>>> print(open('data16.cif').read())   # mmCIF, C-alpha atoms, pLDDT in the B column; chains and numbers go by the auth columns
data_entry
loop_
_atom_site.group_PDB
_atom_site.id
_atom_site.type_symbol
_atom_site.label_atom_id
_atom_site.label_comp_id
_atom_site.label_asym_id
_atom_site.label_seq_id
_atom_site.Cartn_x
_atom_site.Cartn_y
_atom_site.Cartn_z
_atom_site.B_iso_or_equiv
_atom_site.auth_seq_id
_atom_site.auth_asym_id
ATOM 1 C CA MET A 1 -15.837 -18.787 -41.235 66.00 275 A
ATOM 2 C CA THR A 2 -14.462 -15.850 -39.243 68.00 276 A
ATOM 3 C CA PRO A 3 -15.417 -15.803 -35.576 74.00 277 A
ATOM 4 C CA ASN A 4 -17.354 -12.780 -34.409 77.00 278 A
ATOM 5 C CA PRO A 5 -15.197 -10.367 -32.455 79.00 279 A
ATOM 6 C CA ALA A 6 -16.027 -10.004 -28.783 80.00 280 A
ATOM 7 C CA PRO A 7 -18.520 -7.207 -28.241 83.00 281 A
ATOM 8 C CA LYS A 8 -17.050 -3.996 -26.910 85.00 282 A
ATOM 9 C CA PRO A 9 -17.901 -3.344 -23.269 88.00 283 A
ATOM 10 C CA ASP A 10 -20.493 -0.682 -22.574 91.00 284 A
ATOM 11 C CA PRO A 11 -18.622 2.538 -21.685 91.00 285 A
ATOM 12 C CA TRP A 12 -21.138 3.049 -18.882 93.00 286 A
ATOM 13 C CA ASP A 13 -20.010 -0.164 -17.204 91.00 287 A
ATOM 14 C CA THR A 14 -16.295 0.514 -17.573 91.00 288 A
ATOM 15 C CA ALA A 15 -16.293 4.187 -16.558 94.00 289 A
ATOM 16 C CA ASP A 16 -13.944 5.392 -13.838 95.00 290 A
ATOM 17 C CA TYR A 17 -16.246 8.014 -12.333 96.00 291 A
ATOM 18 C CA TYR A 18 -19.922 8.963 -12.202 96.00 292 A
ATOM 19 C CA GLU A 19 -21.482 12.331 -11.483 97.00 293 A
ATOM 20 C CA CYS A 20 -24.994 13.734 -11.136 95.00 294 A
ATOM 21 C CA ARG A 21 -24.005 17.399 -11.183 92.00 295 A
ATOM 22 C CA GLU A 22 -22.839 19.637 -14.002 88.00 296 A
ATOM 23 C CA GLY A 23 -19.876 21.974 -13.810 85.00 297 A
ATOM 24 C CA ILE A 24 -17.921 19.952 -11.283 85.00 298 A
ATOM 25 C CA GLU A 25 -14.198 20.552 -10.999 86.00 299 A
ATOM 26 C CA GLU A 26 -13.109 17.221 -9.578 88.00 300 A
ATOM 27 C CA LEU A 27 -14.391 13.699 -10.117 92.00 301 A
ATOM 28 C CA THR A 28 -14.560 11.629 -6.940 93.00 302 A
ATOM 29 C CA HIS A 29 -17.463 9.187 -7.232 96.00 303 A
ATOM 30 C CA GLU A 30 -16.174 5.845 -8.458 96.00 304 A
ATOM 31 C CA THR A 31 -19.612 4.235 -8.507 96.00 305 A
ATOM 32 C CA LEU A 32 -23.076 5.218 -9.608 96.00 306 A
ATOM 33 C CA GLU A 33 -24.294 4.622 -6.061 97.00 307 A
ATOM 34 C CA GLU A 34 -21.741 7.042 -4.560 96.00 308 A
ATOM 35 C CA ALA A 35 -22.693 9.730 -7.072 97.00 309 A
ATOM 36 C CA LEU A 36 -26.408 9.330 -6.337 97.00 310 A
ATOM 37 C CA GLU A 37 -25.871 9.323 -2.580 96.00 311 A
ATOM 38 C CA SER A 38 -23.812 12.509 -2.723 95.00 312 A
ATOM 39 C CA TYR A 39 -26.286 14.246 -5.017 96.00 313 A
ATOM 40 C CA LEU A 40 -29.360 13.275 -3.029 96.00 314 A
ATOM 41 C CA ASP A 41 -27.717 13.960 0.320 93.00 315 A
ATOM 42 C CA GLY A 42 -27.662 17.625 -0.700 90.00 316 A
ATOM 43 C CA HIS A 43 -31.456 17.541 -0.893 93.00 317 A
ATOM 44 C CA MET A 44 -32.025 15.811 2.448 91.00 318 A
ATOM 45 C CA GLU A 45 -32.855 17.441 5.765 89.00 319 A
ATOM 46 C CA PRO A 46 -32.405 15.761 9.137 85.00 320 A
ATOM 47 C CA GLU A 47 -35.155 13.226 9.762 85.00 321 A
ATOM 48 C CA CYS A 48 -36.812 13.911 6.401 90.00 322 A
ATOM 49 C CA ASP A 49 -38.819 11.388 4.437 94.00 323 A
ATOM 50 C CA ALA A 50 -36.139 10.158 2.000 94.00 324 A
ATOM 51 C CA GLU A 51 -38.632 8.623 -0.379 94.00 325 A
ATOM 52 C CA ALA A 52 -40.626 11.854 -0.559 95.00 326 A
ATOM 53 C CA VAL A 53 -37.448 13.843 -1.250 95.00 327 A
ATOM 54 C CA ILE A 54 -36.373 11.430 -3.981 96.00 328 A
ATOM 55 C CA ARG A 55 -39.826 11.552 -5.554 96.00 329 A
ATOM 56 C CA GLU A 56 -39.685 15.345 -5.474 96.00 330 A
ATOM 57 C CA VAL A 57 -36.255 15.349 -7.137 95.00 331 A
ATOM 58 C CA GLY A 58 -37.624 13.047 -9.836 96.00 332 A
ATOM 59 C CA THR A 59 -35.457 11.632 -12.590 97.00 333 A
ATOM 60 C CA VAL A 60 -31.720 12.035 -12.200 97.00 334 A
ATOM 61 C CA GLU A 61 -29.283 12.391 -15.074 97.00 335 A
ATOM 62 C CA VAL A 62 -25.973 10.640 -14.409 97.00 336 A
ATOM 63 C CA THR A 63 -22.841 11.127 -16.485 97.00 337 A
ATOM 64 C CA ALA A 64 -20.131 8.479 -16.714 97.00 338 A
ATOM 65 C CA TYR A 65 -16.507 9.542 -17.185 96.00 339 A
ATOM 66 C CA ALA A 66 -13.475 7.523 -18.241 95.00 340 A
ATOM 67 C CA ARG A 67 -9.831 8.440 -18.058 94.00 341 A
ATOM 68 C CA LYS A 68 -8.483 9.544 -21.406 93.00 342 A
ATOM 69 C CA THR A 69 -6.136 7.131 -23.096 89.00 343 A
ATOM 70 C CA VAL A 70 -2.793 8.095 -24.539 89.00 344 A
ATOM 71 C CA ASP A 71 -2.722 7.847 -28.312 90.00 345 A
ATOM 72 C CA PRO A 72 -0.361 4.965 -29.181 82.00 346 A
ATOM 73 C CA GLY A 73 1.321 7.148 -31.817 92.00 347 A
ATOM 74 C CA ASP A 74 2.274 9.821 -29.263 94.00 348 A
ATOM 75 C CA ALA A 75 5.287 7.874 -28.008 94.00 349 A
ATOM 76 C CA LYS A 76 6.774 7.544 -31.482 95.00 350 A
ATOM 77 C CA ARG A 77 6.047 11.182 -32.370 96.00 351 A
ATOM 78 C CA TRP A 78 7.783 12.357 -29.195 95.00 352 A
ATOM 79 C CA ALA A 79 10.730 10.032 -29.830 95.00 353 A
ATOM 80 C CA GLU A 80 11.071 11.381 -33.403 95.00 354 A
ATOM 81 C CA ARG A 81 11.032 14.976 -32.140 96.00 355 A
ATOM 82 C CA LEU A 82 13.710 14.118 -29.590 94.00 356 A
ATOM 83 C CA ALA A 83 15.794 12.413 -32.300 92.00 357 A
ATOM 84 C CA ASP A 84 15.569 15.577 -34.429 90.00 358 A
ATOM 85 C CA GLU A 85 16.640 17.732 -31.493 89.00 359 A
ATOM 86 C CA VAL A 86 19.529 15.417 -30.598 88.00 360 A
ATOM 87 C CA ASN A 87 20.741 15.353 -34.194 84.00 361 A
ATOM 88 C CA GLU A 88 20.499 19.134 -34.526 81.00 362 A
ATOM 89 C CA SER A 89 22.457 19.651 -31.313 79.00 363 A
ATOM 90 C CA TRP A 90 24.968 17.015 -32.348 77.00 364 A
ATOM 91 C CA ARG A 91 25.804 18.883 -35.565 68.00 365 A
ATOM 92 C CA ASP A 92 25.855 22.321 -33.957 65.00 366 A
ATOM 93 C CA GLU A 93 27.890 21.497 -30.876 58.00 367 A
ATOM 94 C CA GLU A 94 31.244 19.902 -30.167 66.00 368 A
ATOM 95 C CA TYR A 95 30.394 16.322 -31.178 69.00 369 A
ATOM 96 C CA GLY A 96 29.458 16.555 -34.836 66.00 370 A
ATOM 97 C CA ASN A 97 31.477 17.301 -37.913 67.00 371 A
ATOM 98 C CA PRO A 98 30.472 20.829 -38.979 65.00 372 A
ATOM 99 C CA ASP A 99 31.557 20.056 -42.569 64.00 373 A
ATOM 100 C CA ASP A 100 29.519 16.851 -42.777 64.00 374 A
ATOM 101 C CA ASP A 101 25.742 16.790 -42.908 61.00 375 A
ATOM 102 C CA GLN A 102 25.596 13.288 -41.489 64.00 376 A
ATOM 103 C CA GLY A 103 22.815 12.739 -39.022 66.00 377 A
ATOM 104 C CA GLY A 104 23.720 11.998 -35.462 77.00 378 A
ATOM 105 C CA PRO A 105 22.809 9.465 -32.856 86.00 379 A
ATOM 106 C CA GLY A 106 19.074 10.075 -33.382 84.00 380 A
ATOM 107 C CA ASP A 107 18.631 7.328 -35.982 89.00 381 A
ATOM 108 C CA ASP A 108 15.868 4.727 -36.458 92.00 382 A
ATOM 109 C CA GLU A 109 17.265 2.547 -33.691 94.00 383 A
ATOM 110 C CA PHE A 110 17.271 5.544 -31.347 93.00 384 A
ATOM 111 C CA VAL A 111 13.626 6.240 -32.221 94.00 385 A
ATOM 112 C CA ARG A 112 12.634 2.594 -31.558 95.00 386 A
ATOM 113 C CA GLU A 113 14.449 2.517 -28.208 95.00 387 A
ATOM 114 C CA VAL A 114 13.132 5.881 -27.033 95.00 388 A
ATOM 115 C CA THR A 115 9.599 4.993 -28.209 95.00 389 A
ATOM 116 C CA ALA A 116 9.722 1.832 -26.075 95.00 390 A
ATOM 117 C CA ALA A 117 10.983 3.826 -23.079 95.00 391 A
ATOM 118 C CA ILE A 118 8.186 6.390 -23.465 94.00 392 A
ATOM 119 C CA GLN A 119 5.594 3.601 -23.769 93.00 393 A
ATOM 120 C CA ARG A 120 6.881 2.053 -20.523 94.00 394 A
ATOM 121 C CA ALA A 121 6.591 5.476 -18.869 93.00 395 A
ATOM 122 C CA PHE A 122 2.997 5.787 -20.141 91.00 396 A
ATOM 123 C CA ALA A 123 2.180 2.363 -18.685 90.00 397 A
ATOM 124 C CA ARG A 124 3.232 3.372 -15.165 92.00 398 A
ATOM 125 C CA THR A 125 1.648 6.827 -15.242 91.00 399 A
ATOM 126 C CA VAL A 126 -1.911 7.669 -14.224 90.00 400 A
ATOM 127 C CA VAL A 127 -3.848 9.756 -16.727 89.00 401 A
ATOM 128 C CA TRP A 128 -5.965 12.221 -14.761 88.00 402 A
ATOM 129 C CA GLN A 129 -7.884 13.908 -17.570 91.00 403 A
ATOM 130 C CA CYS A 130 -11.289 12.341 -18.130 93.00 404 A
ATOM 131 C CA GLU A 131 -13.919 12.502 -20.821 94.00 405 A
ATOM 132 C CA ARG A 132 -17.644 11.932 -20.814 94.00 406 A
ATOM 133 C CA VAL A 133 -18.381 8.488 -22.169 96.00 407 A
ATOM 134 C CA ALA A 134 -22.069 7.963 -21.398 96.00 408 A
ATOM 135 C CA LYS A 135 -25.171 9.555 -19.905 97.00 409 A
ATOM 136 C CA ARG A 136 -28.200 7.901 -18.421 96.00 410 A
ATOM 137 C CA GLU A 137 -31.403 9.250 -17.049 97.00 411 A
ATOM 138 C CA LEU A 138 -32.573 7.248 -14.052 97.00 412 A
ATOM 139 C CA SER A 139 -36.264 7.193 -13.266 97.00 413 A
ATOM 140 C CA THR A 140 -37.498 7.941 -9.789 97.00 414 A
ATOM 141 C CA GLU A 141 -38.209 4.236 -9.285 97.00 415 A
ATOM 142 C CA GLU A 142 -34.669 3.281 -10.355 97.00 416 A
ATOM 143 C CA VAL A 143 -33.193 5.867 -7.991 97.00 417 A
ATOM 144 C CA LEU A 144 -35.370 4.616 -5.126 97.00 418 A
ATOM 145 C CA SER A 145 -34.350 1.016 -5.791 96.00 419 A
ATOM 146 C CA ILE A 146 -30.647 1.865 -5.871 97.00 420 A
ATOM 147 C CA MET A 147 -30.795 4.039 -2.759 96.00 421 A
ATOM 148 C CA ARG A 148 -32.786 1.485 -0.757 96.00 422 A
ATOM 149 C CA LYS A 149 -29.890 -0.923 -1.296 96.00 423 A
ATOM 150 C CA GLU A 150 -27.130 1.676 -0.881 94.00 424 A
ATOM 151 C CA CYS A 151 -28.518 3.673 2.052 93.00 425 A
ATOM 152 C CA PRO A 152 -31.174 1.564 3.797 94.00 426 A
ATOM 153 C CA GLU A 153 -30.855 3.780 6.870 92.00 427 A
ATOM 154 C CA TRP A 154 -32.450 6.636 4.917 92.00 428 A
ATOM 155 C CA PHE A 155 -35.663 4.643 4.750 90.00 429 A
ATOM 156 C CA GLN A 156 -35.866 3.541 8.397 87.00 430 A
ATOM 157 C CA PRO A 157 -38.583 5.208 10.434 77.00 431 A
ATOM 158 C CA ALA A 158 -37.222 7.812 12.823 66.00 432 A
ATOM 159 C CA ASP A 159 -37.385 6.819 16.470 61.00 433 A
ATOM 160 C CA LYS A 160 -39.986 8.912 18.216 51.00 434 A
ATOM 161 C CA PRO A 161 -39.690 9.564 21.961 47.00 435 A
#
>>> encode(input="data16.cif", output="structure tokens")
Amino acid sequence: MTPNPAPKPDPWDTADYYECREGIEELTHETLEEALESYLDGHMEPECDAEAVIREVGTVEVTAYARKTVDPGDAKRWAERLADEVNESWRDEEYGNPDDDQGGPGDDEFVREVTAAIQRAFARTVVWQCERVAKRELSTEEVLSIMRKECPEWFQPADKP
């Protein structure tokens, strides 16, 4: 009997950023709570009734974003292109035999070594491009629950003189 593969994690739970606005140019909210706080803060006035404002806003659509991943085949494709360029230059310049159509140093071993080097470079590089991976619509009650935990000060009665 073959064991069942582990279920894939929900993209919502593994996202890198969350946003409640459309048309944003930069992702900065690393948690759902930060995204909601920023979005709702734009609706708040000093000493307003936070619950009333949240109820007026109503449901909130939140989009989850994840960093794009580099296609595993990219490293090999780039290494093969480099091998072709090296071999072409090798034949055309001072190193190759112009009367011999032998390749050059860009052989299979070169491709394997350069592919590994490119993969190591990928591993230490941060991918900044993101893609939408999930959307959720949060009810007013869900938003209130989250914000009561995240920003309890919003729900404290204002001190009256």
>>> residues_around(input="data16.cif", residues="region 295-307 of chain A", least_positions_apart="5", cutoff="9 Å", atoms="all atoms listed in the file", output="list in words")
Ala289, Asp290, Ser312, Tyr313, Glu335, Val336, Thr337, Ala338, Tyr339, Cys404, Ile420, Met421 and Glu424 of chain A
>>> residues_around(input="data16.cif", residues="region 342-356 of chain A", least_positions_apart="2", cutoff="7 Å", atoms="only C-alpha atoms", output="list in words")
Ala340, Asp358, Glu359, Val360, Val385, Val388, Thr389, Ile392, Gln393, Val401, Gln403, Cys404 and Glu405 of chain A
>>> residues_around(input="data16.cif", residues="Cys425 (chain A)", least_positions_apart="4", cutoff="12 Å", atoms="all atoms listed in the file", output="list in words")
Glu307, Glu308, Leu310, Glu311, Ser312, Leu314, Asp315, Ala324, Glu325, Val417, Leu418, Ser419, Ile420, Met421, Phe429 and Gln430 of chain A
>>> closest_residue(input="data16.cif", among="A:Arg341, A:Arg398, A:Arg329, A:Arg386", to="Leu412 (chain A)", atoms="all atoms listed in the file")
A:Arg329
>>> atom_distance(input="data16.cif", atom1="CA of Glu383 (chain A)", atom2="CA of Thr399 (chain A)")
24.5 Å
>>> atom_distance(input="data16.cif", atom1="CA of Trp402 (chain A)", atom2="CA of Lys282 (chain A)")
23.1 Å
>>> atom_distance(input="data16.cif", atom1="CA of Val334 (chain A)", atom2="CA of Pro283 (chain A)")
23.5 Å
>>> build_atoms(input="data16.cif", residues="region 416-429 of chain A", atoms="N, CA and C atoms", output="compact mmCIF listing (two decimals), in the frame of the given file")
# COMPACT_ATOMS: atom_id res chain seq x y z
N GLU A 416 -36.04 3.83 -10.32
CA GLU A 416 -34.67 3.28 -10.36
C GLU A 416 -33.82 3.89 -9.24
N VAL A 417 -33.95 5.19 -9.05
CA VAL A 417 -33.19 5.87 -7.99
C VAL A 417 -33.60 5.32 -6.63
N LEU A 418 -34.90 5.17 -6.40
CA LEU A 418 -35.37 4.62 -5.13
C LEU A 418 -34.82 3.22 -4.89
N SER A 419 -34.85 2.39 -5.91
CA SER A 419 -34.35 1.02 -5.79
C SER A 419 -32.86 1.00 -5.43
N ILE A 420 -32.09 1.80 -6.13
CA ILE A 420 -30.65 1.86 -5.87
C ILE A 420 -30.38 2.37 -4.46
N MET A 421 -31.07 3.43 -4.06
CA MET A 421 -30.80 4.04 -2.76
C MET A 421 -31.30 3.17 -1.61
N ARG A 422 -32.33 2.40 -1.82
CA ARG A 422 -32.79 1.48 -0.76
C ARG A 422 -31.71 0.45 -0.46
N LYS A 423 -30.99 0.04 -1.49
CA LYS A 423 -29.89 -0.92 -1.30
C LYS A 423 -28.66 -0.23 -0.73
N GLU A 424 -28.35 0.97 -1.26
CA GLU A 424 -27.13 1.68 -0.88
C GLU A 424 -27.22 2.34 0.49
N CYS A 425 -28.35 2.92 0.80
CA CYS A 425 -28.52 3.67 2.05
C CYS A 425 -29.82 3.25 2.74
N PRO A 426 -29.91 2.01 3.20
CA PRO A 426 -31.17 1.56 3.80
C PRO A 426 -31.56 2.39 5.02
N GLU A 427 -30.57 2.97 5.68
CA GLU A 427 -30.86 3.78 6.87
C GLU A 427 -31.70 5.01 6.53
N TRP A 428 -31.65 5.48 5.31
CA TRP A 428 -32.45 6.64 4.92
C TRP A 428 -33.95 6.31 4.98
N PHE A 429 -34.27 5.05 4.87
CA PHE A 429 -35.66 4.64 4.75
C PHE A 429 -36.22 4.03 6.04
